[in-house]
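Working notes for the structure below.
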Amino acid sequence: AQKITQTQPGMFVQEKEAVTLDCTYDTSDQSYGLFWYKQPSSGEMIFLIYQGSYDEQNATEGRYSLNFQKARKSANLVISASQLGDSAMYFCAMREVHTGTASKLTFGTGTRLQVTL
Amino acid sequence: DSGVTQTPKHLITATGQRVTLRCSPRSGDLSVYWYQQSLDQGLQFLIQYYNGEERAKGNILERFSAQQFPDLHSELNLSSLELGDSALYFCASSVSTAQNIQYFGAGTRLSVL
């Protein structure tokens, strides 16, 4: 069974600094996808970044980058130049690549990030 | 705005009652997923539909059911509600591509009193 582990329940970072949120995963599949979502206090789930298991380059989306280390089964999210609006809960998730159209996401327990002045 | 619409935003009801949550996927997305987020269980996958047919099932209770209609909107029906069903229920949708990124709606917050 798939498992996602986020070991940091909470993190603090100063505005304009970079921060790394940890995520490790466990799967026996060779083909899978890794995702990060942001959940602000308002509750919605916002997609941030995606990394495929066969992608050779680390994914980047603006200030977000995913540090993908396949051998270590880690997919850490790096947020550069933190902003006050980055304060939120962050979830790492994994998707097994099923044949056909069946799919689901397995989520970690999340990391609450607080950006301070 | 993800393009996924969920209604209602909030729902307050009593134990034993039945409610229906509605989801309209992003234009062009054929897959709809339902997730439950609660304090004790975290974010859990409930069920997926693709173009009207059930495709994947998680730990969805027998008291819960879902369907996807020909216009691709989906409904999640929760019956014989218990206090423990209080949670944030998310709908997500995706195009069936290799990435298959799921975009989430804003959620329906269900409070069972």
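Quick note on naming: the chains in the structure tokens go A, B, ... in the order shown, residues restart at 1 in each chain, and ligands are numbered from 1 in order of appearance.
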
If you take only C-alpha atoms and a cut-off of 8 Å, which residues of chain A touch chain B, and what are their nearest atom pairs and distances in Å to one decimal, in chain and number order, as a tab-separated table?
```
residue	atom	partner	partner_atom	distance
A:Gly33	CA	B:Gln99	CA	7.2
A:Gly43	CA	B:Ala106	CA	6.8
A:Glu44	CA	B:Ala106	CA	4.4
A:Met45	CA	B:Phe104	CA	5.8
A:Ile46	CA	B:Phe104	CA	6.9
A:Phe47	CA	B:Tyr103	CA	6.5
A:Tyr50	CA	B:Ile101	CA	7.7
A:Gly52	CA	B:Gln99	CA	7.3
A:Thr101	CA	B:Ser96	CA	6.6
A:Ala102	CA	B:Arg55	CA	5.0
A:Ser103	CA	B:Ala56	CA	6.5
A:Lys104	CA	B:Phe45	CA	6.7
A:Leu105	CA	B:Phe45	CA	6.8
A:Thr106	CA	B:Phe45	CA	7.2
A:Phe107	CA	B:Leu43	CA	6.2
A:Gly108	CA	B:Leu43	CA	7.9
A:Thr109	CA	B:Gly42	CA	6.3
```

Take the residues that were just selected and, keeping N, CA, C and O atoms, output them as a compact mmCIF listing (two decimals), in the first residue's frame.
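Output file selection.txt follows:
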```
# COMPACT_ATOMS: atom_id res chain seq x y z
N GLY A 33 2.96 9.41 -9.51
CA GLY A 33 3.06 10.86 -9.56
C GLY A 33 3.06 11.43 -8.16
O GLY A 33 2.41 10.90 -7.25
N GLY A 43 -9.70 27.09 3.56
CA GLY A 43 -10.10 25.70 3.39
C GLY A 43 -9.92 25.08 2.02
O GLY A 43 -9.90 23.85 1.93
N GLU A 44 -9.81 25.89 0.98
CA GLU A 44 -9.72 25.25 -0.35
C GLU A 44 -8.37 24.58 -0.54
O GLU A 44 -7.40 24.90 0.13
N MET A 45 -8.31 23.62 -1.45
CA MET A 45 -7.08 22.89 -1.77
C MET A 45 -6.56 23.40 -3.11
O MET A 45 -7.25 23.29 -4.12
N ILE A 46 -5.35 23.93 -3.09
CA ILE A 46 -4.79 24.56 -4.28
C ILE A 46 -3.61 23.73 -4.78
O ILE A 46 -2.64 23.51 -4.04
N PHE A 47 -3.66 23.28 -6.02
CA PHE A 47 -2.57 22.52 -6.62
C PHE A 47 -1.36 23.43 -6.82
O PHE A 47 -1.48 24.56 -7.32
N TYR A 50 3.71 19.32 -9.62
CA TYR A 50 3.64 17.90 -9.93
C TYR A 50 5.01 17.38 -10.39
O TYR A 50 5.74 18.08 -11.10
N GLY A 52 6.51 13.62 -11.99
CA GLY A 52 6.31 12.24 -12.39
C GLY A 52 7.52 11.40 -12.02
O GLY A 52 8.65 11.90 -12.02
N THR A 101 -8.46 4.32 -16.50
CA THR A 101 -8.77 5.65 -15.99
C THR A 101 -8.97 5.67 -14.48
O THR A 101 -9.42 6.65 -13.92
N ALA A 102 -8.62 4.58 -13.79
CA ALA A 102 -8.77 4.56 -12.34
C ALA A 102 -7.60 5.28 -11.70
O ALA A 102 -6.45 5.12 -12.10
N SER A 103 -7.90 6.09 -10.70
CA SER A 103 -6.84 6.88 -10.08
C SER A 103 -7.32 7.36 -8.72
O SER A 103 -8.51 7.54 -8.51
N LYS A 104 -6.39 7.57 -7.81
CA LYS A 104 -6.71 8.21 -6.53
C LYS A 104 -5.44 8.82 -5.98
O LYS A 104 -4.34 8.43 -6.34
N LEU A 105 -5.59 9.78 -5.09
CA LEU A 105 -4.47 10.39 -4.39
C LEU A 105 -4.43 9.91 -2.96
O LEU A 105 -5.48 9.81 -2.30
N THR A 106 -3.21 9.61 -2.48
CA THR A 106 -2.98 9.33 -1.08
C THR A 106 -2.23 10.52 -0.50
O THR A 106 -1.19 10.91 -1.04
N PHE A 107 -2.75 11.09 0.58
CA PHE A 107 -2.19 12.32 1.15
C PHE A 107 -1.39 12.03 2.42
O PHE A 107 -1.67 11.10 3.17
N GLY A 108 -0.41 12.90 2.67
CA GLY A 108 0.26 12.92 3.96
C GLY A 108 -0.58 13.70 4.96
O GLY A 108 -1.67 14.20 4.63
N THR A 109 -0.06 13.84 6.17
CA THR A 109 -0.80 14.51 7.25
C THR A 109 -0.64 16.02 7.22
O THR A 109 -1.33 16.72 7.94
```

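The closest residue to Leu76 of chain B, picked from B:Val32, B:Cys91, B:Leu11, B:Leu21 and counting only C-alpha atoms, is B:Leu21.
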
Problem set entry | Counting only C-alpha atoms, the option among A:Gln30, A:Gln2, A:Glu15, A:Ala59 closest to Asn76 of chain A | A:Ala59

Problem set entry | Shell of 8 Å around segment 111-113 of chain B, only C-alpha atoms, local chain residues under 6 positions omitted, as a ChimeraX atom specification | /B:10-15,81-87

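Summary of the local environment: counting only C-alpha atoms, residues at most 8 Å from Thr7 of chain A, other than itself and those fewer than 6 positions away along its chain, are Asp22, Cys23 and Thr111 of chain A.
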